[in-house]
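What's in work_8.txt: compact mmCIF, C-alpha atoms and all ligand atoms
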```
# COMPACT_ATOMS: atom_id res chain seq x y z
CA MET C 263 44.08 120.02 -18.53
CA ASN C 264 47.24 119.38 -20.57
CA LYS C 265 49.50 117.59 -18.10
CA LYS C 266 52.58 118.30 -20.18
CA GLU C 267 52.19 121.95 -19.15
CA LEU C 268 52.15 121.09 -15.43
CA LEU C 269 55.04 121.99 -13.14
CA PHE C 270 58.15 119.79 -13.67
CA TYR C 271 56.39 117.32 -16.04
CA ASP C 272 59.30 117.00 -18.50
CA ALA C 273 61.82 116.94 -15.65
CA TYR C 274 60.04 113.97 -14.03
CA GLU C 275 59.81 112.06 -17.32
CA ALA C 276 63.58 112.46 -17.71
CA PHE C 277 64.16 111.61 -14.03
CA TYR C 278 62.23 108.32 -14.15
CA ALA C 279 63.83 107.35 -17.47
CA MET C 280 67.24 107.82 -15.83
CA ALA C 281 66.13 106.02 -12.64
CA GLY C 282 65.01 103.01 -14.71
CA GLN C 283 68.43 102.59 -16.30
CA SER C 284 71.11 103.93 -13.97
CA LYS C 285 72.93 101.54 -11.65
CA ALA C 286 74.77 104.55 -10.17
CA PHE C 287 71.45 106.12 -9.17
CA GLY C 288 70.17 102.90 -7.57
CA ASP C 289 73.41 102.63 -5.57
CA PHE C 290 73.14 106.31 -4.60
CA CYS C 291 69.58 105.75 -3.31
CA ARG C 292 70.60 102.71 -1.26
CA ASP C 293 73.47 104.65 0.35
CA ALA C 294 71.56 107.90 0.91
CA PHE C 295 68.10 106.61 1.88
CA GLY C 296 68.82 103.05 3.08
CA ALA C 297 66.77 101.59 0.19
CA ASP C 298 66.37 102.20 -3.51
CA PHE C 299 62.84 103.50 -4.11
CA SER C 300 64.07 105.87 -6.88
CA GLN C 301 63.41 108.66 -4.41
CA ASP C 302 63.17 112.23 -5.54
CA GLY C 303 63.07 113.86 -2.18
CA PHE C 304 63.58 112.87 1.41
CA SER C 305 61.79 109.56 1.94
CA ASP C 306 64.39 107.49 3.67
CA ILE C 307 63.71 103.95 4.82
CA ARG C 308 62.98 105.05 8.40
CA GLN C 309 60.13 107.27 7.22
CA ILE C 310 58.71 104.52 4.99
CA GLU C 311 58.87 101.98 7.84
CA MET C 312 56.77 104.37 9.95
CA ILE C 313 53.88 103.51 7.58
CA LEU C 314 53.95 99.78 8.36
CA PRO C 315 52.08 99.80 11.72
CA TYR C 316 49.07 101.47 10.07
CA ILE C 317 48.63 98.73 7.44
CA PRO C 318 46.25 95.99 8.64
CA ARG C 319 47.63 92.45 8.25
CA THR C 320 44.32 90.67 7.82
CA GLY C 321 41.36 91.10 5.48
CA ASP C 322 41.13 92.73 2.07
CA VAL C 323 43.71 95.49 2.55
CA HIS C 324 44.27 98.24 -0.01
CA ILE C 325 46.84 101.00 0.13
CA LEU C 326 47.23 103.97 -2.23
CA ASP C 327 50.32 106.08 -2.87
CA ILE C 328 49.79 109.52 -4.42
CA GLY C 329 52.81 110.50 -6.53
CA CYS C 330 53.96 106.87 -6.50
CA GLY C 331 56.71 107.29 -9.10
CA ASN C 332 57.89 103.88 -10.32
CA GLY C 333 56.12 102.09 -7.46
CA LYS C 334 59.17 100.76 -5.61
CA MET C 335 58.08 102.16 -2.25
CA LEU C 336 54.67 100.48 -2.65
CA GLY C 337 56.39 97.26 -3.72
CA TYR C 338 58.35 97.31 -0.47
CA LEU C 339 55.18 97.85 1.60
CA GLN C 340 53.45 95.02 -0.29
CA ALA C 341 56.35 92.64 0.38
CA LYS C 342 56.05 93.43 4.11
CA THR C 343 52.26 93.31 4.42
CA ALA C 344 50.74 91.48 1.41
CA ALA C 345 48.40 94.46 0.84
CA CYS C 346 46.96 95.22 -2.57
CA ILE C 347 48.87 98.25 -3.84
CA HIS C 348 47.48 101.19 -5.83
CA GLY C 349 49.36 104.21 -7.06
CA PHE C 350 49.07 107.10 -9.44
CA ASP C 351 51.53 109.57 -10.86
CA TYR C 352 51.48 111.90 -13.86
CA SER C 353 54.73 110.41 -15.23
CA GLU C 354 54.02 107.90 -18.02
CA GLU C 355 57.58 106.63 -17.77
CA ALA C 356 57.23 105.95 -14.03
CA ILE C 357 53.87 104.21 -14.33
CA ARG C 358 55.06 102.00 -17.18
CA THR C 359 57.94 100.84 -14.94
CA ALA C 360 55.66 100.33 -11.92
CA GLN C 361 53.27 98.17 -13.95
CA ALA C 362 56.16 96.03 -15.21
CA LEU C 363 57.83 95.68 -11.79
CA PHE C 364 54.70 94.94 -9.76
CA PRO C 365 52.11 93.14 -11.89
CA GLU C 366 50.40 91.21 -9.05
CA ASN C 367 47.72 92.53 -6.74
CA ALA C 368 48.40 96.04 -7.96
CA ASP C 369 46.80 98.93 -9.85
CA PHE C 370 49.05 101.70 -11.18
CA ARG C 371 47.47 104.60 -13.06
CA GLU C 372 48.90 107.43 -15.03
CA GLY C 373 47.04 110.49 -13.81
CA VAL C 374 47.11 114.01 -12.52
CA ILE C 375 46.13 115.17 -9.04
CA GLY C 376 42.53 116.32 -9.35
CA GLY C 377 41.98 114.19 -12.46
CA VAL C 378 42.08 110.72 -10.87
CA ASP C 379 39.20 109.29 -8.86
CA TYR C 380 38.48 106.13 -6.84
CA PRO C 381 35.25 104.83 -5.27
CA ASP C 382 34.44 106.09 -1.76
CA GLU C 383 36.00 104.18 1.16
CA SER C 384 38.46 102.20 -1.00
CA PHE C 385 41.65 102.38 1.07
CA ASP C 386 42.89 101.39 4.53
CA VAL C 387 45.97 103.60 4.17
CA ILE C 388 46.79 106.43 1.77
CA THR C 389 50.35 107.71 1.60
CA SER C 390 51.86 110.71 -0.13
CA MET C 391 55.53 111.49 0.15
CA ASP C 392 56.58 114.91 -1.14
CA THR C 393 53.77 115.25 -3.66
CA LEU C 394 50.85 117.16 -2.14
CA TYR C 395 52.55 120.46 -3.00
CA PHE C 396 51.47 119.88 -6.60
CA ALA C 397 47.73 120.03 -5.78
CA GLU C 398 46.33 123.29 -7.17
CA ASP C 399 43.58 123.27 -4.54
CA MET C 400 44.92 121.36 -1.52
CA ALA C 401 41.68 121.57 0.51
CA ALA C 402 39.66 120.12 -2.38
CA PHE C 403 42.23 117.35 -2.87
CA VAL C 404 42.21 116.52 0.85
CA ALA C 405 38.39 116.30 0.68
CA GLN C 406 38.77 113.75 -2.12
CA ILE C 407 41.37 111.75 -0.14
CA LYS C 408 39.06 111.76 2.90
CA ARG C 409 36.31 110.30 0.72
CA TRP C 410 38.67 107.55 -0.59
CA LEU C 411 39.67 106.44 2.92
CA LYS C 412 37.78 103.72 4.74
CA PRO C 413 36.36 104.80 8.12
CA GLY C 414 39.24 104.56 10.62
CA GLY C 415 41.75 104.69 7.75
CA VAL C 416 45.03 106.58 7.91
CA PHE C 417 46.50 109.20 5.61
CA PHE C 418 50.31 109.34 6.00
CA VAL C 419 52.16 112.33 4.55
CA GLY C 420 55.83 113.31 4.20
CA TYR C 421 55.82 117.08 3.82
CA GLN C 422 58.66 119.51 3.28
CA GLU C 423 58.59 123.29 3.41
CA GLY C 424 61.25 125.53 1.87
CA ASP C 425 61.45 123.80 -1.54
CA VAL C 426 58.25 123.96 -3.59
CA LEU C 427 56.26 125.78 -0.89
CA PRO C 428 57.66 128.45 1.41
CA LYS C 429 58.39 127.75 5.07
CA THR C 430 55.69 128.72 7.55
CA GLU C 431 55.90 128.92 11.32
CA ASN C 432 55.28 125.30 12.31
CA ALA C 433 53.40 122.08 11.51
CA ASP C 434 50.05 123.72 12.37
CA THR C 435 50.48 126.60 9.93
CA THR C 436 51.33 124.73 6.73
CA ARG C 437 49.04 124.69 3.71
CA LEU C 438 48.38 121.03 4.49
CA ALA C 439 47.41 121.75 8.12
CA ARG C 440 44.94 124.39 6.91
CA ALA C 441 43.50 121.98 4.33
CA LEU C 442 43.08 119.31 7.04
CA ALA C 443 41.33 121.78 9.35
CA GLU C 444 38.95 122.77 6.53
CA ASN C 445 38.06 119.09 6.19
CA ASN C 446 37.66 118.48 9.94
CA LEU C 447 40.50 115.96 9.95
CA ALA C 448 42.53 115.47 13.12
CA TYR C 449 46.25 114.84 12.80
CA GLU C 450 49.46 114.22 14.66
CA ALA C 451 52.56 115.89 13.22
CA LYS C 452 56.15 114.94 13.95
CA ASP C 453 58.85 117.51 13.21
CA ILE C 454 61.73 115.69 11.51
CA THR C 455 63.63 118.75 10.28
CA ALA C 456 66.82 117.67 12.07
CA GLU C 457 66.62 114.21 10.46
CA SER C 458 66.06 115.86 7.10
CA TYR C 459 69.22 117.93 7.56
CA ALA C 460 71.18 114.77 8.41
CA LEU C 461 69.68 113.08 5.34
CA LEU C 462 70.81 115.96 3.12
CA LYS C 463 74.35 115.43 4.38
CA ALA C 464 74.04 111.69 3.70
CA LYS C 465 72.75 112.46 0.19
CA ARG C 466 75.74 114.70 -0.43
CA CYS C 467 78.20 112.00 0.73
CA ALA C 468 76.42 109.36 -1.36
CA ALA C 469 76.41 111.56 -4.48
CA LEU C 470 80.15 112.22 -4.11
CA ALA C 471 80.86 108.52 -3.48
CA HIS C 472 79.14 107.63 -6.77
CA GLN C 473 80.41 110.55 -8.87
CA GLN C 474 82.71 108.35 -10.93
CA ALA C 475 79.99 105.78 -11.54
CA PHE C 476 77.63 108.53 -12.80
CA GLU C 477 80.41 109.85 -15.05
CA ALA C 478 81.20 106.36 -16.38
CA GLU C 479 77.52 106.04 -17.34
CA GLY C 480 77.66 109.40 -19.14
CA ARG C 481 75.33 110.87 -16.49
CA ARG C 482 77.45 113.69 -15.08
CA ASP C 483 74.39 115.98 -15.41
CA TRP C 484 72.46 113.83 -12.91
CA PHE C 485 75.38 113.83 -10.49
CA ASP C 486 75.47 117.64 -10.73
CA MET C 487 71.72 117.78 -10.12
CA LEU C 488 71.89 115.50 -7.06
CA LEU C 489 74.82 117.38 -5.59
CA GLY C 490 73.13 120.73 -6.25
CA GLN C 491 70.04 119.51 -4.35
CA THR C 492 72.19 119.12 -1.25
CA ASP C 493 73.78 122.58 -1.20
CA TYR C 494 71.63 123.37 1.84
CA ALA C 495 73.70 120.83 3.78
CA ASN C 496 76.63 123.23 3.67
CA GLU C 497 74.95 125.74 5.97
CA PRO C 498 74.77 125.31 9.76
CA TYR C 499 71.63 123.61 11.08
CA GLU C 500 70.48 126.76 12.91
CA GLN C 501 70.42 128.60 9.61
CA PHE C 502 68.90 125.66 7.70
CA ARG C 503 65.93 125.39 10.03
CA THR C 504 64.94 129.01 9.53
CA ARG C 505 64.29 128.24 5.85
CA MET C 506 63.36 124.57 5.74
CA ALA C 507 61.12 122.22 7.71
CA ARG C 508 60.01 118.61 7.35
CA TYR C 509 57.04 116.96 8.99
CA ILE C 510 55.37 113.57 9.02
CA TYR C 511 51.62 113.91 9.35
CA VAL C 512 49.46 111.00 10.46
CA ILE C 513 45.83 111.82 9.77
CA ARG C 514 42.92 109.65 10.82
CA LYS C 515 39.47 109.56 9.28
C1 LIG C 601 59.02 114.99 -5.19
S1 LIG C 601 58.51 113.60 -6.14
C2 LIG C 601 58.20 112.40 -4.89
C3 LIG C 601 58.19 111.02 -5.44
C4 LIG C 601 58.11 109.92 -4.39
N1 LIG C 601 56.82 109.94 -3.71
C5 LIG C 601 59.25 110.04 -3.40
O1 LIG C 601 59.01 110.22 -2.20
O2 LIG C 601 60.41 109.94 -3.83
C6 LIG C 601 56.87 114.07 -6.67
C7 LIG C 601 56.14 112.99 -7.49
O3 LIG C 601 54.86 113.49 -7.85
C8 LIG C 601 54.64 113.35 -9.25
N2 LIG C 601 53.82 114.52 -9.62
C9 LIG C 601 54.17 115.82 -9.64
N3 LIG C 601 53.14 116.61 -9.95
C10 LIG C 601 52.08 115.78 -10.13
C11 LIG C 601 50.70 116.00 -10.46
N4 LIG C 601 50.23 117.23 -10.67
N5 LIG C 601 49.88 114.92 -10.55
C12 LIG C 601 50.37 113.66 -10.34
N6 LIG C 601 51.66 113.39 -10.03
C13 LIG C 601 52.50 114.44 -9.91
C14 LIG C 601 56.04 113.30 -9.88
O4 LIG C 601 56.08 112.58 -11.09
C15 LIG C 601 56.84 112.60 -8.77
O5 LIG C 601 56.78 111.20 -8.90
```
Now that the file is in, can you turn its structure into structure tokens?
Amino acid sequence: MNKKELLFYDAYEAFYAMAGQSKAFGDFCRDAFGADFSQDGFSDIRQIEMILPYIPRTGDVHILDIGCGNGKMLGYLQAKTAACIHGFDYSEEAIRTAQALFPENADFREGVIGGVDYPDESFDVITSMDTLYFAEDMAAFVAQIKRWLKPGGVFFVGYQEGDVLPKTENADTTRLARALAENNLAYEAKDITAESYALLKAKRCAALAHQQAFEAEGRRDWFDMLLGQTDYANEPYEQFRTRMARYIYVIRK
């Protein structure tokens, strides 16, 4: 598989190169999401803090983030829990940054979904925020994740419909829910579509607040991209929720 031909590969290389250098983008993330994890999506600090109770505080604890980007979200979880952090992402740029930022008690790998493997029962918690959509065969990937989890481990997923994948009826009809059912995995799903709508509005405000800073850095194109991503926030919520949905899934092995 030539990863450079995969969906959005070049766009993510450019995104993480920008994220590594732009003060305006870091400030935008702090204002929009409550923390700068170089987010490309909807992972605000409240969603990331929902992961903390599932991370054991004693023993040899390992957590994996699928689509970890430059590792800042994992770095935050490590600072709170002292867990050993593992992450993979297809972006070379992002993984290079993650390895430089978090050299201790960490393993960051450049790799493609379906092309990376870990020993069975390696992880206490596996997270994936806004990345599972890129699995060509979601049921097969979920089977692999199930194998990687320790017995009793938790798989925590932030999952949006209406962007990469079309909106379905509810949390039980998504491609992920079907993949979980195929793998006999029980889950709890929380519908956070209303929070996601509020976050879009916050992203729009934050982008506008930092417009001049992006322009001063010569990054007007990134400001335009961030603002364009929030166009949905201009429609009423009732309309928004017919086309978009966001769920947090907590899946136990
Ligand atoms: C929508 S972003 C989410 C990033 C981060 N988890 C967050 O919440 O901000 C998707 C991430 O998945 C990575 N990615 C996309 N397709 C991939 C693939 N086929 N294999 C591995 N990583 C992939 C991208 O580089 C990017 O970091």
Using 6 Å as the limit and counting all atoms listed in the file, can you tabulate each residue of chain C that touches ligand LIG 601 (chain C), with its shortest atom-to-atom distance in Å and the two atoms involved, as CSV?
```
residue,atom,partner,partner_atom,distance
C:Tyr274,CA,C:LIG601,O4,5.1
C:Gln301,CA,C:LIG601,O2,3.3
C:Asp302,CA,C:LIG601,O2,4.0
C:Gly303,CA,C:LIG601,O2,5.0
C:Ser305,CA,C:LIG601,O1,5.0
C:Gly329,CA,C:LIG601,O3,3.9
C:Cys330,CA,C:LIG601,N1,5.0
C:Gly331,CA,C:LIG601,O5,3.9
C:Asp351,CA,C:LIG601,N6,3.9
C:Tyr352,CA,C:LIG601,C12,4.1
C:Ser353,CA,C:LIG601,O4,4.9
C:Gly373,CA,C:LIG601,C12,5.8
C:Val374,CA,C:LIG601,N5,3.5
C:Ile375,CA,C:LIG601,N5,4.1
C:Met391,CA,C:LIG601,N1,4.4
C:Asp392,CA,C:LIG601,C1,4.7
C:Thr393,CA,C:LIG601,C6,4.5
C:Phe396,CA,C:LIG601,N3,5.0
```
Between segment 263-367 of chain C and segment 464-478 of chain C, at 6 Å or less, what are the per-residue closest atom pairs and their distances in Å? Count only C-alpha atoms, order by chain and rising residue number, and return it as CSV.
```
residue,atom,partner,partner_atom,distance
C:Ala286,CA,C:Ala475,CA,5.5
C:Phe290,CA,C:Ala468,CA,5.5
C:Asp293,CA,C:Ala468,CA,5.8
C:Ala294,CA,C:Lys465,CA,4.8
```
Atom pair atom CA of Asp379 of chain C + atom CA of Ile407 of chain C, distance 9.3 Å
Mind giving me the straight-line distance from atom CA of His324 of chain C to atom CA of Ala345 of chain C in Å, one decimal? 5.7 Å
Of the candidates C:Tyr459, C:Met400, C:Asp386, C:Asp486, which shows the shortest atom-to-atom distance to Glu500 of chain C, using all atoms listed in the file?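 The answer is C:Tyr459, which sits nearest to Glu500 of chain C.
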Once 8 Å is added on each side, what are the centre and the three edge lengths, in Å to one decimal, of the axis-aligned box enclosing the listed atoms of segment 418-428 of chain C? Present them as AutoDock Vina command-line options.
```
--center_x 55.9 --center_y 118.9 --center_z 1.2 --size_x 27.1 --size_y 35.1 --size_z 25.6
```
For Gly376 of chain C, which residue out of C:Phe304, C:Tyr338, C:Phe350, C:Phe270 is the nearest one, using only C-alpha atoms?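 Of the candidates, the smallest distance to Gly376 of chain C is held by C:Phe350.
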